[in-house]
Amino acid sequence: MVHLRHITVKKGRSFILEDVSFHIGRGEFAFLIGPSGAGKSTILRVIHLDEKPTSGQLVLEGRDAAAFPSREIPLWRRRIGVIFQDFKLLRDRNVMENVAFALRVTGARRGTIKRTTLKALSTVGISHKRSAMPEELSGGERQRVAIARALVHEPHLLLADQPTGDLDPESADEILALLTDLNHRGTAILMATHDARLVQGPHKILRIESGKLLPDQHT
Ligand SMILES: Nc1ncnc2c1ncn2[C@@H]1O[C@H](COP(=O)(O)OP(=O)(O)OP(=O)(O)O)[C@@H](O)[C@H]1O
Ligand SMILES: [Mg+2]
């Protein structure tokens, strides 16, 4: 569903990504690993259409992303869920409102918003905290809320940028278990991580260093 073909991203004279090619199939779970500054977040930004490659081709569900009319870019972004290390919740809104907000901006009806929000909160196991403010939650709970927010548009693909980077090992394991569960229900996942402990299971492993994908992997 997502193909990167010879993707290069240059800033000035330096290569942030150089000739990166891989693909994420429908329902696949892939880890993206590599040292700090290797280019992991840049890859996720390219797929999310936040970063335009200098050269190479990005194919999203069979279509060349470079040919997307600008009005389609927000539609594609909505079909991908994104979660981050620092959760990026709205501090002045409670759990329910944080998740509902993602739907409200699309003009969904009030009943739909409520139903979809409650379902997403239940999927991530955080319904009991729906009235809490983000600051009243643990890191693991905050990441669950962020995942619920990412789920409201029923994404086919979830991009996770070091989602366990700020969590203790136990919470990190729980978040990985939740992502694995979502994957089993059909969502493809691309997860950037530094946490070698979590990189296990039958998943594709993409190793990146200094903007280049290391060979010897089944892409
Ligand atoms: N807008 C920019 N202009 C110039 N250089 C940039 C820009 N954005 C990122 N970089 C550089 O690109 C490289 C890759 O950055 P990126 O954020 O993708 O790394 P990363 O693998 O996600 O690292 P980390 O594990 O620390 O999050 C870094 O050297 C960074 O300094
Ligand atoms: Mg990063």
# chains A, B, ... in the order shown; residues from 1 in each chain; ligands from 1
$ residues_around --residues "A:Phe68" --least-positions-apart "6" --cutoff "12 Å" --atoms "only C-alpha atoms" --output "number ranges by chain"
A: 49, 58-62, 74-77
$ closest_atom_pairs --of "stretch 99-148 of chain A" --to "stretch 161-173 of chain A" --cutoff "8 Å" --atoms "only C-alpha atoms" --output "Markdown table"
| residue | atom | partner | partner_atom | distance |
| --- | --- | --- | --- | --- |
| A:Gly139 | CA | A:Leu167 | CA | 6.0 |
| A:Gly140 | CA | A:Ser171 | CA | 5.2 |
| A:Gln143 | CA | A:Pro163 | CA | 7.3 |
$ residues_near_ligand --ligand "ligand 2" --cutoff "9 Å" --atoms "only C-alpha atoms and all ligand atoms" --output "mmCIF file with all heavy atoms, in the first residue's frame"
data_model
loop_
_atom_site.group_PDB
_atom_site.id
_atom_site.type_symbol
_atom_site.label_atom_id
_atom_site.label_comp_id
_atom_site.auth_asym_id
_atom_site.auth_seq_id
_atom_site.Cartn_x
_atom_site.Cartn_y
_atom_site.Cartn_z
ATOM 1 N N SER A 36 20.008 7.928 16.343
ATOM 2 C CA SER A 36 19.454 9.273 16.307
ATOM 3 C C SER A 36 20.019 10.043 15.117
ATOM 4 O O SER A 36 21.220 9.979 14.850
ATOM 5 C CB SER A 36 19.804 9.969 17.622
ATOM 6 O OG SER A 36 19.196 11.214 17.663
ATOM 7 N N GLY A 37 19.162 10.713 14.396
ATOM 8 C CA GLY A 37 19.595 11.482 13.230
ATOM 9 C C GLY A 37 19.697 10.662 11.958
ATOM 10 O O GLY A 37 20.070 11.170 10.906
ATOM 11 N N ALA A 38 19.337 9.372 12.018
ATOM 12 C CA ALA A 38 19.489 8.494 10.847
ATOM 13 C C ALA A 38 18.501 8.836 9.729
ATOM 14 O O ALA A 38 18.765 8.575 8.560
ATOM 15 C CB ALA A 38 19.297 7.033 11.267
ATOM 16 N N GLY A 39 17.353 9.394 10.118
ATOM 17 C CA GLY A 39 16.359 9.740 9.100
ATOM 18 C C GLY A 39 15.001 9.073 9.298
ATOM 19 O O GLY A 39 14.150 9.128 8.415
ATOM 20 N N LYS A 40 14.794 8.466 10.468
ATOM 21 C CA LYS A 40 13.542 7.737 10.719
ATOM 22 C C LYS A 40 12.322 8.665 10.636
ATOM 23 O O LYS A 40 11.357 8.379 9.931
ATOM 24 C CB LYS A 40 13.590 7.058 12.104
ATOM 25 C CG LYS A 40 14.742 6.078 12.261
ATOM 26 C CD LYS A 40 14.745 5.414 13.622
ATOM 27 C CE LYS A 40 14.970 6.361 14.785
ATOM 28 N NZ LYS A 40 16.288 7.057 14.774
ATOM 29 N N SER A 41 12.387 9.772 11.375
ATOM 30 C CA SER A 41 11.229 10.687 11.366
ATOM 31 C C SER A 41 11.023 11.274 9.979
ATOM 32 O O SER A 41 9.877 11.512 9.563
ATOM 33 C CB SER A 41 11.436 11.824 12.370
ATOM 34 O OG SER A 41 11.526 11.311 13.676
ATOM 35 N N THR A 42 12.115 11.489 9.266
ATOM 36 C CA THR A 42 11.992 12.036 7.911
ATOM 37 C C THR A 42 11.221 11.066 7.020
ATOM 38 O O THR A 42 10.364 11.484 6.242
ATOM 39 C CB THR A 42 13.388 12.340 7.329
ATOM 40 O OG1 THR A 42 14.080 13.196 8.248
ATOM 41 C CG2 THR A 42 13.276 13.030 5.977
ATOM 42 N N LEU A 44 8.953 8.939 7.971
ATOM 43 C CA LEU A 44 7.536 9.004 8.349
ATOM 44 C C LEU A 44 6.907 10.280 7.801
ATOM 45 O O LEU A 44 5.771 10.281 7.333
ATOM 46 C CB LEU A 44 7.386 8.932 9.875
ATOM 47 C CG LEU A 44 7.943 7.654 10.524
ATOM 48 C CD1 LEU A 44 7.657 7.646 12.025
ATOM 49 C CD2 LEU A 44 7.362 6.400 9.903
ATOM 50 N N GLN A 85 6.338 10.245 20.176
ATOM 51 C CA GLN A 85 6.937 9.996 21.487
ATOM 52 C C GLN A 85 6.310 10.880 22.565
ATOM 53 O O GLN A 85 6.066 10.448 23.687
ATOM 54 C CB GLN A 85 8.443 10.288 21.378
ATOM 55 C CG GLN A 85 9.195 10.162 22.688
ATOM 56 C CD GLN A 85 10.701 10.178 22.453
ATOM 57 O OE1 GLN A 85 11.172 10.170 21.319
ATOM 58 N NE2 GLN A 85 11.451 10.188 23.522
ATOM 59 N N ASP A 161 6.064 7.214 15.677
ATOM 60 C CA ASP A 161 7.434 7.735 15.788
ATOM 61 C C ASP A 161 7.920 7.632 17.231
ATOM 62 O O ASP A 161 7.599 8.471 18.063
ATOM 63 C CB ASP A 161 7.490 9.183 15.298
ATOM 64 C CG ASP A 161 8.920 9.614 14.968
ATOM 65 O OD1 ASP A 161 9.860 8.849 15.292
ATOM 66 O OD2 ASP A 161 9.096 10.705 14.408
ATOM 67 N N GLN A 162 8.642 6.582 17.525
ATOM 68 C CA GLN A 162 9.157 6.299 18.859
ATOM 69 C C GLN A 162 8.070 6.422 19.934
ATOM 70 O O GLN A 162 8.222 7.161 20.904
ATOM 71 C CB GLN A 162 10.355 7.219 19.154
ATOM 72 C CG GLN A 162 11.465 6.937 18.158
ATOM 73 C CD GLN A 162 12.742 7.742 18.389
ATOM 74 O OE1 GLN A 162 13.603 7.738 17.546
ATOM 75 N NE2 GLN A 162 12.880 8.407 19.518
ATOM 76 N N ALA A 192 8.887 3.562 14.185
ATOM 77 C CA ALA A 192 10.282 3.926 14.408
ATOM 78 C C ALA A 192 10.586 3.756 15.886
ATOM 79 O O ALA A 192 9.782 4.144 16.735
ATOM 80 C CB ALA A 192 10.521 5.377 13.991
ATOM 81 N N THR A 193 11.708 3.168 16.185
ATOM 82 C CA THR A 193 12.066 2.984 17.595
ATOM 83 C C THR A 193 13.572 2.867 17.800
ATOM 84 O O THR A 193 14.316 2.481 16.901
ATOM 85 C CB THR A 193 11.356 1.745 18.196
ATOM 86 O OG1 THR A 193 11.653 1.681 19.589
ATOM 87 C CG2 THR A 193 11.802 0.456 17.536
#
$ closest_residue --among "A:Ile73, A:Ile16, A:Leu90, A:Val99" --to "ligand 1" --atoms "only C-alpha atoms and all ligand atoms"
A:Ile16
$ residues_around --residues "A:Leu213" --least-positions-apart "2" --cutoff "6 Å" --atoms "only C-alpha atoms" --output "list of chain:residue names"
A:Val20, A:Arg207, A:Ile208
$ write_last_selection --atoms "N, CA and C atoms" --output "tab-separated table (two decimals), in the first residue's frame"
chain	number	residue	atom	x	y	z
A	20	VAL	N	16.31	5.67	-0.78
A	20	VAL	CA	15.62	4.74	0.11
A	20	VAL	C	14.45	4.08	-0.62
A	207	ARG	N	16.39	-1.15	8.65
A	207	ARG	CA	17.49	-0.50	9.38
A	207	ARG	C	18.01	0.66	8.57
A	208	ILE	N	18.08	1.82	9.21
A	208	ILE	CA	18.54	2.99	8.49
A	208	ILE	C	19.71	3.62	9.24
$ select_by_dssp --residues "stretch 44-122 of chain A" --states "strand (DSSP E)" --output "list of chain:residue names"
A:Ser55, A:Gly56, A:Gln57, A:Leu58, A:Val59, A:Leu60, A:Arg63, A:Asp64, A:Ile80, A:Gly81, A:Val82, A:Ile83, A:Phe84
$ closest_residue --among "A:Ala177, A:Val152, A:Ala160, A:Val105" --to "A:Leu190" --atoms "only C-alpha atoms"
A:Ala160
$ atom_distance --atom1 "atom 13 (C, counted along the ligand's line) of ligand 1" --atom2 "atom CA of A:Glu51"
12.5 Å
$ atom_distance --atom1 "atom CA of A:His153" --atom2 "atom CA of A:Lys204"
25.1 Å
$ closest_residue --among "A:Arg185, A:Ser21, A:Gly34, A:Ala132" --to "A:Pro155" --atoms "only C-alpha atoms"
A:Arg185
$ residues_around --residues "A:Glu18" --least-positions-apart "4" --cutoff "9 Å" --atoms "only C-alpha atoms" --output "list of chain:residue names"
A:His6, A:Ile7, A:Thr8, A:Val9, A:Lys10, A:Ser210, A:Gly211, A:Lys212, A:Leu213
$ write_last_selection --atoms "N, CA, C and O atoms" --output "short mmCIF file (atom, residue, chain, number, x, y, z; two decimals), in the first residue's frame"
data_model
loop_
_atom_site.label_atom_id
_atom_site.label_comp_id
_atom_site.auth_asym_id
_atom_site.auth_seq_id
_atom_site.Cartn_x
_atom_site.Cartn_y
_atom_site.Cartn_z
N HIS A 6 13.51 4.74 -4.43
CA HIS A 6 14.67 5.61 -4.62
C HIS A 6 14.42 7.01 -4.07
O HIS A 6 14.72 8.01 -4.72
N ILE A 7 13.85 7.06 -2.87
CA ILE A 7 13.52 8.36 -2.28
C ILE A 7 14.78 9.02 -1.73
O ILE A 7 15.52 8.43 -0.94
N THR A 8 15.00 10.25 -2.17
CA THR A 8 16.11 11.06 -1.66
C THR A 8 15.55 12.37 -1.14
O THR A 8 14.66 12.96 -1.77
N VAL A 9 16.02 12.77 0.03
CA VAL A 9 15.67 14.08 0.58
C VAL A 9 16.97 14.82 0.86
O VAL A 9 17.82 14.32 1.60
N LYS A 10 17.12 15.97 0.24
CA LYS A 10 18.33 16.77 0.43
C LYS A 10 17.96 18.09 1.07
O LYS A 10 16.94 18.68 0.72
N SER A 210 22.50 7.02 8.64
CA SER A 210 22.92 8.18 7.84
C SER A 210 22.09 8.33 6.56
O SER A 210 22.63 8.56 5.49
N GLY A 211 20.80 8.15 6.69
CA GLY A 211 19.91 8.38 5.56
C GLY A 211 19.81 7.25 4.56
O GLY A 211 19.09 7.35 3.58
N LYS A 212 20.54 6.16 4.83
CA LYS A 212 20.50 5.03 3.88
C LYS A 212 19.94 3.79 4.55
O LYS A 212 20.28 3.49 5.70
N LEU A 213 19.14 3.09 3.79
CA LEU A 213 18.62 1.82 4.27
C LEU A 213 19.73 0.78 4.14
O LEU A 213 20.37 0.69 3.09
#
$ closest_residue --among "A:Glu154, A:Glu136, A:Asp86, A:Glu72" --to "ligand 1" --atoms "only C-alpha atoms and all ligand atoms"
A:Asp86
$ residues_around --residues "A:Arg130" --least-positions-apart "4" --cutoff "12 Å" --atoms "only C-alpha atoms" --output "list in words"
Arg93, Asn94, Val95, Met96, Glu97, Asn98, Val99, Ala100, Lys114, Thr117, Leu118, Lys119, Ala120, Leu121, Ser122, Val124, Gly125, Ile126, Pro134, Glu136, Leu137, Glu141, Arg142, Arg144, Val145 and Ala148 of chain A
$ write_last_selection --atoms "N, CA and C atoms" --output "compact mmCIF listing (two decimals), in the first residue's frame"
# COMPACT_ATOMS: atom_id res chain seq x y z
N ARG A 93 -7.74 20.23 27.14
CA ARG A 93 -8.96 19.46 26.86
C ARG A 93 -8.86 18.08 27.49
N ASN A 94 -9.98 17.57 27.92
CA ASN A 94 -9.95 16.25 28.55
C ASN A 94 -9.78 15.16 27.49
N VAL A 95 -9.71 13.93 27.97
CA VAL A 95 -9.44 12.77 27.11
C VAL A 95 -10.47 12.68 25.97
N MET A 96 -11.72 12.73 26.36
CA MET A 96 -12.81 12.60 25.37
C MET A 96 -12.69 13.70 24.31
N GLU A 97 -12.44 14.92 24.77
CA GLU A 97 -12.37 16.06 23.84
C GLU A 97 -11.14 15.97 22.94
N ASN A 98 -10.03 15.45 23.49
CA ASN A 98 -8.84 15.29 22.66
C ASN A 98 -9.11 14.38 21.47
N VAL A 99 -9.86 13.31 21.73
CA VAL A 99 -10.13 12.36 20.66
C VAL A 99 -11.22 12.91 19.73
N ALA A 100 -12.25 13.52 20.33
CA ALA A 100 -13.36 14.04 19.54
C ALA A 100 -12.90 15.16 18.60
N LYS A 114 -19.54 11.38 18.98
CA LYS A 114 -19.60 10.76 20.30
C LYS A 114 -19.43 9.25 20.20
N THR A 117 -15.84 8.32 19.08
CA THR A 117 -14.87 8.61 20.14
C THR A 117 -14.94 7.55 21.24
N LEU A 118 -16.14 7.21 21.67
CA LEU A 118 -16.27 6.21 22.74
C LEU A 118 -15.74 4.85 22.29
N LYS A 119 -15.97 4.53 21.03
CA LYS A 119 -15.48 3.25 20.51
C LYS A 119 -13.95 3.23 20.51
N ALA A 120 -13.34 4.33 20.07
CA ALA A 120 -11.86 4.38 20.01
C ALA A 120 -11.28 4.29 21.43
N LEU A 121 -11.91 4.99 22.38
CA LEU A 121 -11.41 4.95 23.76
C LEU A 121 -11.52 3.54 24.32
N SER A 122 -12.58 2.86 23.95
CA SER A 122 -12.77 1.50 24.43
C SER A 122 -11.74 0.55 23.79
N VAL A 124 -8.73 1.15 23.00
CA VAL A 124 -7.41 1.28 23.62
C VAL A 124 -7.47 1.10 25.14
N GLY A 125 -8.67 0.80 25.65
CA GLY A 125 -8.81 0.49 27.07
C GLY A 125 -8.67 1.69 28.00
N ILE A 126 -9.20 2.83 27.60
CA ILE A 126 -9.03 4.02 28.43
C ILE A 126 -10.38 4.74 28.68
N PRO A 134 -5.16 15.48 30.38
CA PRO A 134 -3.91 14.79 30.07
C PRO A 134 -2.91 14.77 31.23
N GLU A 136 -3.37 14.48 34.22
CA GLU A 136 -3.75 13.53 35.27
C GLU A 136 -3.47 12.08 34.87
N LEU A 137 -2.89 11.88 33.69
CA LEU A 137 -2.67 10.53 33.18
C LEU A 137 -1.19 10.15 33.24
N GLU A 141 -0.94 5.91 29.64
CA GLU A 141 -2.35 6.28 29.40
C GLU A 141 -2.44 7.38 28.36
N ARG A 142 -1.51 8.33 28.42
CA ARG A 142 -1.51 9.42 27.41
C ARG A 142 -1.31 8.84 26.01
N ARG A 144 -2.13 5.94 25.02
CA ARG A 144 -3.39 5.28 24.62
C ARG A 144 -4.37 6.28 24.05
N VAL A 145 -4.45 7.45 24.69
CA VAL A 145 -5.36 8.49 24.20
C VAL A 145 -4.91 8.93 22.79
N ALA A 148 -5.98 6.36 20.42
CA ALA A 148 -7.43 6.46 20.18
C ALA A 148 -7.70 7.59 19.18
$ select_by_dssp --residues "stretch 7-213 of chain A" --states "helix (DSSP H, G or I)" --output "ChimeraX atom specification"
/A:40-47,65-67,72-78,95-104,110-123,127-129,134-136,139-151,169-184,196-198
$ residues_around --residues "A:His156" --least-positions-apart "6" --cutoff "9 Å" --atoms "only C-alpha atoms" --output "ChimeraX atom specification"
/A:1,26-27,79-81,186-189
$ write_last_selection --atoms "N, CA and C atoms" --output "mmCIF file, in the first residue's frame"
data_model
loop_
_atom_site.group_PDB
_atom_site.id
_atom_site.type_symbol
_atom_site.label_atom_id
_atom_site.label_comp_id
_atom_site.auth_asym_id
_atom_site.auth_seq_id
_atom_site.Cartn_x
_atom_site.Cartn_y
_atom_site.Cartn_z
ATOM 1 N N MET A 1 0.804 -1.214 0.000
ATOM 2 C CA MET A 1 0.000 0.000 0.000
ATOM 3 C C MET A 1 0.843 1.272 0.000
ATOM 4 N N ARG A 26 -0.285 -4.165 2.827
ATOM 5 C CA ARG A 26 -1.532 -4.089 3.584
ATOM 6 C C ARG A 26 -1.443 -4.976 4.825
ATOM 7 N N GLY A 27 -1.745 -4.418 5.967
ATOM 8 C CA GLY A 27 -1.768 -5.210 7.195
ATOM 9 C C GLY A 27 -0.409 -5.616 7.738
ATOM 10 N N ARG A 79 -6.312 9.344 6.396
ATOM 11 C CA ARG A 79 -6.381 7.884 6.289
ATOM 12 C C ARG A 79 -5.202 7.198 6.951
ATOM 13 N N ILE A 80 -4.254 8.021 7.412
ATOM 14 C CA ILE A 80 -3.109 7.473 8.127
ATOM 15 C C ILE A 80 -3.199 7.986 9.554
ATOM 16 N N GLY A 81 -2.969 7.116 10.516
ATOM 17 C CA GLY A 81 -2.877 7.584 11.896
ATOM 18 C C GLY A 81 -1.423 7.889 12.214
ATOM 19 N N GLY A 186 -5.914 -5.636 11.342
ATOM 20 C CA GLY A 186 -5.817 -5.230 9.934
ATOM 21 C C GLY A 186 -5.099 -3.924 9.651
ATOM 22 N N THR A 187 -4.722 -3.174 10.701
ATOM 23 C CA THR A 187 -4.034 -1.907 10.452
ATOM 24 C C THR A 187 -2.542 -2.160 10.215
ATOM 25 N N ALA A 188 -2.021 -1.658 9.112
ATOM 26 C CA ALA A 188 -0.577 -1.745 8.885
ATOM 27 C C ALA A 188 0.114 -0.750 9.834
ATOM 28 N N ILE A 189 1.295 -1.124 10.309
ATOM 29 C CA ILE A 189 1.995 -0.264 11.263
ATOM 30 C C ILE A 189 3.451 -0.111 10.847
#
$ closest_residue --among "A:Ser14, A:Ser131, A:Ser70, A:Thr123" --to "ligand 1" --atoms "only C-alpha atoms and all ligand atoms"
A:Ser14
$ closest_residue --among "A:Arg78, A:Arg197, A:His48, A:His128" --to "A:Ala65" --atoms "only C-alpha atoms"
A:His48
